[in-house]
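K.L.:
Contents are mmCIF, C-alpha atoms; file name start-v2.cif:
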data_input
#
loop_
_atom_site.label_atom_id
_atom_site.label_comp_id
_atom_site.auth_asym_id
_atom_site.auth_seq_id
_atom_site.Cartn_x
_atom_site.Cartn_y
_atom_site.Cartn_z
CA GLY A 1 95.77 112.38 113.21
CA GLU A 2 98.85 110.18 113.08
CA ASN A 3 102.25 111.70 112.29
CA VAL A 4 105.24 109.54 111.31
CA GLU A 5 108.79 110.88 111.29
CA GLN A 6 111.52 108.90 109.51
CA HIS A 7 115.31 109.27 109.76
CA PRO A 8 117.71 109.51 108.10
CA SER A 9 116.48 110.79 104.74
CA THR A 10 119.55 109.31 103.03
CA LEU A 11 121.92 106.56 104.12
CA SER A 12 125.07 105.38 102.40
CA VAL A 13 126.81 102.17 103.46
CA GLN A 14 129.44 99.80 102.13
CA GLU A 15 128.41 96.35 100.99
CA GLY A 16 128.40 94.01 103.96
CA ASP A 17 127.71 96.73 106.52
CA SER A 18 124.49 97.01 108.51
CA ALA A 19 121.87 99.70 107.94
CA VAL A 20 119.36 101.05 110.45
CA ILE A 21 116.38 103.26 109.67
CA LYS A 22 114.30 104.74 112.47
CA CYS A 23 110.71 105.97 112.67
CA THR A 24 108.66 107.61 115.40
CA TYR A 25 104.88 107.86 115.53
CA SER A 26 102.51 110.09 117.47
CA ASP A 27 99.31 108.09 117.96
CA SER A 28 99.67 105.69 120.88
CA ALA A 29 96.69 103.70 119.53
CA SER A 30 98.60 102.69 116.37
CA ASN A 31 99.15 98.94 116.36
CA TYR A 32 100.43 98.01 112.90
CA PHE A 33 103.82 99.05 111.49
CA PRO A 34 104.79 97.93 107.96
CA TRP A 35 107.96 98.68 106.02
CA TYR A 36 107.93 99.07 102.23
CA LYS A 37 110.81 99.00 99.76
CA GLN A 38 110.55 100.99 96.53
CA GLU A 39 113.08 100.53 93.78
CA LEU A 40 113.52 103.30 91.22
CA GLY A 41 110.47 103.58 88.99
CA LYS A 42 108.69 100.68 90.70
CA ARG A 43 105.79 100.27 93.09
CA PRO A 44 106.26 100.10 96.90
CA GLN A 45 106.43 96.51 98.09
CA LEU A 46 106.01 95.23 101.63
CA ILE A 47 109.21 93.72 103.04
CA ILE A 48 108.28 93.21 106.69
CA ASP A 49 105.68 94.30 109.21
CA ILE A 50 105.10 94.13 112.94
CA ARG A 51 102.10 94.40 115.20
CA SER A 52 102.07 95.99 118.63
CA ASN A 53 101.85 92.71 120.52
CA VAL A 54 105.35 91.81 119.28
CA GLY A 55 108.63 93.56 120.11
CA GLU A 56 110.81 92.19 117.32
CA LYS A 57 110.42 90.28 114.08
CA LYS A 58 113.08 88.85 111.76
CA ASP A 59 113.11 87.62 108.19
CA GLN A 60 116.55 86.53 107.02
CA ARG A 61 118.70 89.70 106.82
CA ILE A 62 115.86 92.03 107.77
CA ALA A 63 114.52 92.74 111.26
CA VAL A 64 112.12 95.23 112.75
CA THR A 65 111.98 96.31 116.39
CA LEU A 66 109.17 98.14 118.15
CA ASN A 67 109.25 100.19 121.35
CA LYS A 68 105.65 101.05 122.19
CA THR A 69 106.57 103.09 125.26
CA ALA A 70 108.83 105.39 123.29
CA LYS A 71 106.61 105.17 120.19
CA HIS A 72 109.38 104.31 117.81
CA PHE A 73 110.26 101.40 115.53
CA SER A 74 113.30 100.58 113.45
CA LEU A 75 114.32 98.58 110.39
CA HIS A 76 117.61 96.71 110.55
CA ILE A 77 119.28 95.29 107.44
CA THR A 78 122.40 93.18 107.98
CA GLU A 79 125.04 92.18 105.44
CA THR A 80 123.79 94.76 102.96
CA GLN A 81 124.04 94.05 99.25
CA PRO A 82 123.89 96.40 96.24
CA GLU A 83 120.38 95.13 95.45
CA ASP A 84 119.24 96.54 98.82
CA SER A 85 119.68 100.02 97.32
CA ALA A 86 116.21 101.58 97.23
CA VAL A 87 113.90 103.97 99.07
CA TYR A 88 112.42 102.51 102.26
CA PHE A 89 109.19 103.76 103.80
CA CYS A 90 107.85 103.11 107.27
CA ALA A 91 104.17 103.46 108.11
CA ALA A 92 101.86 103.30 111.11
CA SER A 93 98.18 102.48 111.43
CA ARG A 94 95.40 101.79 113.89
CA SER A 95 92.63 101.55 111.29
CA SER A 96 92.22 100.78 107.60
CA THR A 97 94.51 103.63 106.52
CA LEU A 98 98.31 103.93 106.69
CA THR A 99 100.34 107.04 107.49
CA PHE A 100 103.74 106.94 105.81
CA GLY A 101 107.07 108.47 106.71
CA LYS A 102 108.83 110.53 104.05
CA GLY A 103 111.24 107.75 103.14
CA THR A 104 114.93 106.88 103.40
CA MET A 105 117.11 106.49 100.31
CA LEU A 106 119.57 103.66 101.02
CA LEU A 107 122.63 103.40 98.79
CA VAL A 108 124.82 100.33 99.14
CA SER A 109 128.22 100.71 97.47
CA PRO A 110 130.12 97.62 96.26
CA ASN B 1 96.60 86.89 89.37
CA ALA B 2 97.54 90.33 88.08
CA GLY B 3 97.15 91.89 91.54
CA VAL B 4 96.54 95.64 91.32
CA THR B 5 96.57 97.18 87.84
CA GLN B 6 96.44 100.85 86.82
CA THR B 7 95.84 102.70 83.57
CA PRO B 8 97.30 104.73 82.01
CA LYS B 9 100.97 104.33 82.87
CA PHE B 10 101.83 107.86 81.80
CA GLN B 11 99.76 110.92 80.89
CA VAL B 12 100.43 114.51 79.93
CA LEU B 13 97.65 117.05 80.47
CA LYS B 14 97.26 120.76 79.91
CA THR B 15 96.07 122.93 82.78
CA GLY B 16 92.29 122.76 83.03
CA GLN B 17 91.89 119.43 81.26
CA SER B 18 90.17 116.54 83.00
CA MET B 19 91.04 112.87 83.19
CA THR B 20 90.23 109.68 85.08
CA LEU B 21 92.81 107.28 86.44
CA GLN B 22 91.64 103.69 86.54
CA CYS B 23 92.50 101.03 89.10
CA ALA B 24 91.41 97.40 89.36
CA GLN B 25 92.31 94.50 91.65
CA ASP B 26 91.66 90.80 91.30
CA MET B 27 92.41 89.75 94.88
CA ASN B 28 88.80 90.07 96.10
CA HIS B 29 89.88 92.85 98.46
CA ASN B 30 87.32 95.02 100.19
CA SER B 31 89.41 98.18 100.67
CA MET B 32 91.05 100.35 98.01
CA TYR B 33 93.16 103.49 98.18
CA TRP B 34 94.58 106.31 96.07
CA TYR B 35 97.93 107.91 96.97
CA ARG B 36 100.10 110.54 95.40
CA GLN B 37 103.89 110.45 95.65
CA ASP B 38 105.99 113.58 95.35
CA PRO B 39 109.76 113.88 95.86
CA GLY B 40 110.61 114.11 99.55
CA MET B 41 106.96 113.83 100.61
CA GLY B 42 106.44 110.11 100.88
CA LEU B 43 103.06 108.63 100.03
CA ARG B 44 100.04 110.78 100.87
CA LEU B 45 96.52 109.40 100.93
CA ILE B 46 94.05 111.16 98.62
CA TYR B 47 90.88 109.08 99.05
CA TYR B 48 90.03 105.59 100.13
CA SER B 49 87.15 103.16 100.02
CA ALA B 50 86.94 100.89 103.03
CA SER B 51 84.30 98.76 101.35
CA GLU B 52 82.17 98.73 98.20
CA GLY B 53 79.73 101.63 98.30
CA THR B 54 81.77 103.84 100.65
CA THR B 55 84.45 106.48 100.04
CA ASP B 56 86.29 108.79 102.43
CA LYS B 57 88.72 111.67 102.18
CA GLY B 58 92.35 111.20 103.03
CA GLU B 59 95.08 113.73 103.77
CA VAL B 60 95.06 115.58 100.41
CA PRO B 61 91.60 115.26 98.73
CA ASN B 62 91.26 118.75 97.23
CA GLY B 63 90.99 118.77 93.44
CA TYR B 64 90.08 115.08 93.21
CA ASN B 65 86.99 112.90 93.14
CA VAL B 66 86.67 109.13 93.33
CA SER B 67 84.22 106.44 92.36
CA ARG B 68 84.10 102.90 93.70
CA LEU B 69 82.55 101.39 90.61
CA ASN B 70 82.29 97.87 92.05
CA LYS B 71 84.34 95.67 94.35
CA ARG B 72 87.18 95.40 91.81
CA GLU B 73 87.45 98.95 90.50
CA PHE B 74 88.23 102.33 92.06
CA SER B 75 88.76 105.38 89.85
CA LEU B 76 90.30 108.79 90.57
CA ARG B 77 89.13 111.84 88.61
CA LEU B 78 90.81 115.19 88.14
CA GLU B 79 88.10 117.60 86.98
CA SER B 80 90.37 120.54 86.16
CA ALA B 81 94.03 119.59 86.30
CA ALA B 82 96.59 121.99 87.80
CA PRO B 83 100.41 121.90 87.64
CA SER B 84 100.42 121.15 91.39
CA GLN B 85 98.82 117.81 90.56
CA THR B 86 101.91 116.68 88.66
CA SER B 87 102.82 113.56 90.57
CA VAL B 88 103.00 109.78 90.55
CA TYR B 89 99.67 108.24 91.55
CA PHE B 90 99.47 104.83 93.18
CA CYS B 91 96.41 102.73 93.78
CA ALA B 92 96.48 100.11 96.54
CA SER B 93 94.16 97.50 98.00
CA SER B 94 93.84 95.47 101.19
CA GLU B 95 91.56 92.75 102.48
CA GLY B 96 89.69 95.21 104.69
CA GLY B 97 87.02 94.09 107.11
CA GLY B 98 88.26 96.13 110.03
CA GLY B 99 91.67 96.88 111.50
CA PRO B 100 94.97 97.64 109.79
CA GLN B 101 96.18 95.25 107.10
CA THR B 102 98.82 94.94 104.42
CA GLN B 103 98.27 97.13 101.41
CA TYR B 104 99.30 95.99 97.93
CA PHE B 105 100.23 98.64 95.40
CA GLY B 106 99.70 98.99 91.68
CA PRO B 107 102.50 100.01 89.28
CA GLY B 108 101.59 103.71 89.34
CA THR B 109 100.52 106.40 86.89
CA ARG B 110 102.93 109.23 86.12
CA LEU B 111 100.99 112.43 85.48
CA LEU B 112 102.49 115.64 84.10
CA VAL B 113 100.31 118.75 84.04
CA LEU B 114 101.64 121.58 81.89
#
Here is a file; write its structure as structure tokens.
P.N.:
Amino acid sequence: GENVEQHPSTLSVQEGDSAVIKCTYSDSASNYFPWYKQELGKRPQLIIDIRSNVGEKKDQRIAVTLNKTAKHFSLHITETQPEDSAVYFCAASRSSTLTFGKGTMLLVSP
Amino acid sequence: NAGVTQTPKFQVLKTGQSMTLQCAQDMNHNSMYWYRQDPGMGLRLIYYSASEGTTDKGEVPNGYNVSRLNKREFSLRLESAAPSQTSVYFCASSEGGGGPQTQYFGPGTRLLVL
């Protein structure tokens, strides 16, 4: 089955800096890669996703890049703000189920 | 639309007790899922239902059973709770119909087994 590795497990940045979270996957047939944000005590919520026919996707301060050859994808957050502090999960899928990484706790200090 | 709803929000059980976690969605989605979330472990799939009338095991199905009651509702049952089942349980749904799609999560149920 699919295996998703996510790094780093924790990331601390200053407000205004950029943050990058990286994930690798094992199944070359995976073709859908969503990113979820989970605030403390809340449900995971989709923030951006990318499919394998696209190399990069942007939505305001958030971008995701995909390298199919290397089987890795990354989340980029620019101009970080304190409200970006949360746990971020990547996932990969080629079917109706998702395999999640273990998460990255992002802390943005004012 | 309420989206995905779960009951109860919080539950305390004694070892050996049974309980059913309820999940409902009002988005007319075909697929529904049950996950557990433990510190440092991410979200792990317990069971899923790709469409009404079907259920399949996920990564960690032992100790659980599910029922897809109808298109809207998908329940998770613990027949004999164990401390190892202390966790936060999330239900999710997606449009389904083949291929990977966005999953929408419920608010979660926090379960403590003593």
K.L.:
Please write the residues picked by the PyMOL selection byres ((chain B) within 9 of (chain A)) on this file as a count of residues only.
P.N.:
27
K.L.:
What does the PyMOL selection byres ((chain A and resi 70) around 10) select in this file, as a VMD selection string?
P.N.:
chain A and resid 24 to 26 28 66 to 69 71 to 73
K.L.:
Can you list, as an mmCIF file with C-alpha atoms, keeping the file's coordinate frame, every protein, DNA or RNA residue that comes within 6 Å of Val66 in chain B when you count all atoms listed in the file, leaving out same-chain residues fewer than 5 positions away?
P.N.:
data_model
loop_
_atom_site.group_PDB
_atom_site.id
_atom_site.type_symbol
_atom_site.label_atom_id
_atom_site.label_comp_id
_atom_site.auth_asym_id
_atom_site.auth_seq_id
_atom_site.Cartn_x
_atom_site.Cartn_y
_atom_site.Cartn_z
ATOM 1 C CA SER B 75 88.760 105.380 89.850
ATOM 2 C CA LEU B 76 90.300 108.790 90.570
ATOM 3 C CA ARG B 77 89.130 111.840 88.610
#
K.L.:
From the options A:Pro110, A:Lys57, A:Ser52, A:Pro82, which residue's atoms come nearest to Ala29 in chain A, counting all atoms listed in the file?
P.N.:
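Among A:Pro110, A:Lys57, A:Ser52, A:Pro82, it is A:Ser52 that comes nearest to Ala29 in chain A.
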K.L.:
Which distance in Å separates CA of Asn65 in chain B and CA of His29 in chain B, to one decimal?
P.N.:
20.9 Å
K.L.:
Quote the spacing between CA of Glu39 in chain A and CA of Met105 in chain A in Å to one decimal place.
P.N.:
9.7 Å
K.L.:
Which value, in Å to one decimal, gives the distance between CA of Ala92 in chain B and CA of Leu112 in chain B?
P.N.:
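Straight-line distance from CA of Ala92 in chain B to CA of Leu112 in chain B works out to 20.8 Å.
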K.L.:
I'd like to see the residues matched by the PyMOL selection byres ((chain A and resi 61) around 12) on this file, and ideally I'd get them as a list in words.
P.N.:
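Taken on the displayed file, the PyMOL selection byres ((chain A and resi 61) around 12) yields the residues Gly16, Asp17, Ser18, Ala19, Val20, Ile47, Ile48, Lys57, Lys58, Asp59, Gln60, Ile62, Ala63, Val64, Leu75, His76, Ile77, Thr78, Glu79, Thr80, Gln81 and Asp84 of chain A.
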K.L.:
Using all atoms listed in the file, which of A:Ser85, A:Thr65, A:Gln14, A:Asn53 sits nearest Leu106 in chain A?
P.N.:
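Among the listed residues, A:Ser85 lies closest to Leu106 in chain A.
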K.L.:
Restricting the calculation to all atoms listed in the file, which member of B:Met19, B:Trp34, B:Asn28, B:Pro8 is positioned closest to Pro61 in chain B?
P.N.:
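Among B:Met19, B:Trp34, B:Asn28, B:Pro8, it is B:Trp34 that comes nearest to Pro61 in chain B.
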K.L.:
Considering all atoms listed in the file, return as a PyMOL selection string whatever protein or nucleic-acid residues lie within 9 Å of Asp26 in chain B, sequence-local ones (same chain, fewer than 5 positions apart) excluded.
P.N.:
chain B and resi 1-5+72
K.L.:
For Ser80 in chain B, please output as a ChimeraX atom specification all residues within 9 Å (counting all atoms listed in the file; exclusion window: fewer than 2 positions along the same chain).
P.N.:
/B:15-19,63-64,78,82
K.L.:
When you count all atoms listed in the file, which of these residues is closest to Lys57 in chain B: B:Tyr35, B:Met27, B:Lys14, B:Leu111?
P.N.:
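Nearest to Lys57 in chain B: B:Tyr35.
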K.L.:
With N, CA and C atoms as the target, complete range 43-77 of chain B and hand it back as a tab-separated table (two decimals), in the coordinates of the input.
P.N.:
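Writing the result to rebuild.tsv gives the following:
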chain	number	residue	atom	x	y	z
B	43	LEU	N	104.34	109.00	100.64
B	43	LEU	CA	103.06	108.63	100.03
B	43	LEU	C	101.94	109.29	100.84
B	44	ARG	N	101.13	110.08	100.18
B	44	ARG	CA	100.04	110.78	100.87
B	44	ARG	C	98.70	110.28	100.34
B	45	LEU	N	97.81	109.98	101.27
B	45	LEU	CA	96.52	109.40	100.93
B	45	LEU	C	95.57	110.48	100.40
B	46	ILE	N	94.99	110.21	99.23
B	46	ILE	CA	94.05	111.16	98.62
B	46	ILE	C	92.62	110.82	99.03
B	47	TYR	N	92.20	109.62	98.70
B	47	TYR	CA	90.88	109.08	99.05
B	47	TYR	C	91.02	107.58	99.27
B	48	TYR	N	90.08	107.03	99.99
B	48	TYR	CA	90.03	105.59	100.13
B	48	TYR	C	88.59	105.10	100.20
B	49	SER	N	88.46	103.80	99.97
B	49	SER	CA	87.15	103.16	100.02
B	49	SER	C	87.30	101.92	100.89
B	50	ALA	N	86.78	102.00	102.09
B	50	ALA	CA	86.94	100.89	103.03
B	50	ALA	C	86.16	99.66	102.58
B	51	SER	N	85.08	99.87	101.88
B	51	SER	CA	84.30	98.76	101.35
B	51	SER	C	83.48	99.27	100.16
B	52	GLU	N	82.98	98.35	99.37
B	52	GLU	CA	82.17	98.73	98.20
B	52	GLU	C	81.00	99.60	98.66
B	53	GLY	N	80.84	100.73	97.97
B	53	GLY	CA	79.73	101.63	98.30
B	53	GLY	C	80.11	102.76	99.24
B	54	THR	N	81.35	102.77	99.75
B	54	THR	CA	81.77	103.84	100.65
B	54	THR	C	83.07	104.47	100.16
B	55	THR	N	83.20	105.79	100.32
B	55	THR	CA	84.45	106.48	100.04
B	55	THR	C	84.68	107.54	101.11
B	56	ASP	N	85.95	107.80	101.41
B	56	ASP	CA	86.29	108.79	102.43
B	56	ASP	C	87.51	109.58	102.01
B	57	LYS	N	87.59	110.83	102.48
B	57	LYS	CA	88.72	111.67	102.18
B	57	LYS	C	89.94	111.25	102.99
B	58	GLY	N	91.09	111.42	102.35
B	58	GLY	CA	92.35	111.20	103.03
B	58	GLY	C	92.99	112.52	103.40
B	59	GLU	N	94.31	112.55	103.34
B	59	GLU	CA	95.08	113.73	103.77
B	59	GLU	C	95.01	114.87	102.76
B	60	VAL	N	94.97	114.54	101.45
B	60	VAL	CA	95.06	115.58	100.41
B	60	VAL	C	93.98	115.40	99.34
B	61	PRO	N	92.68	115.56	99.67
B	61	PRO	CA	91.60	115.26	98.73
B	61	PRO	C	91.25	116.40	97.76
B	62	ASN	N	91.70	117.61	98.04
B	62	ASN	CA	91.26	118.75	97.23
B	62	ASN	C	91.68	118.62	95.78
B	63	GLY	N	90.73	118.84	94.86
B	63	GLY	CA	90.99	118.77	93.44
B	63	GLY	C	90.75	117.40	92.83
B	64	TYR	N	90.30	116.46	93.65
B	64	TYR	CA	90.08	115.08	93.21
B	64	TYR	C	88.68	114.59	93.58
B	65	ASN	N	88.18	113.64	92.79
B	65	ASN	CA	86.99	112.90	93.14
B	65	ASN	C	87.23	111.42	92.86
B	66	VAL	N	86.49	110.56	93.53
B	66	VAL	CA	86.67	109.13	93.33
B	66	VAL	C	85.32	108.46	93.12
B	67	SER	N	85.40	107.28	92.52
B	67	SER	CA	84.22	106.44	92.36
B	67	SER	C	84.61	104.99	92.61
B	68	ARG	N	83.90	104.35	93.52
B	68	ARG	CA	84.10	102.90	93.70
B	68	ARG	C	83.04	102.24	92.82
B	69	LEU	N	83.46	101.87	91.63
B	69	LEU	CA	82.55	101.39	90.61
B	69	LEU	C	81.93	100.04	90.98
B	70	ASN	N	82.72	99.18	91.57
B	70	ASN	CA	82.29	97.87	92.05
B	70	ASN	C	83.39	97.38	92.97
B	71	LYS	N	83.34	96.13	93.40
B	71	LYS	CA	84.34	95.67	94.35
B	71	LYS	C	85.75	95.70	93.76
B	72	ARG	N	85.88	95.50	92.47
B	72	ARG	CA	87.18	95.40	91.81
B	72	ARG	C	87.79	96.74	91.44
B	73	GLU	N	86.95	97.75	91.15
B	73	GLU	CA	87.45	98.95	90.50
B	73	GLU	C	87.24	100.22	91.32
B	74	PHE	N	88.26	101.08	91.30
B	74	PHE	CA	88.23	102.33	92.06
B	74	PHE	C	88.93	103.38	91.21
B	75	SER	N	88.19	104.40	90.76
B	75	SER	CA	88.76	105.38	89.85
B	75	SER	C	88.98	106.71	90.56
B	76	LEU	N	89.95	107.46	90.04
B	76	LEU	CA	90.30	108.79	90.57
B	76	LEU	C	90.15	109.79	89.44
B	77	ARG	N	89.39	110.86	89.66
B	77	ARG	CA	89.13	111.84	88.61
B	77	ARG	C	89.68	113.21	89.00
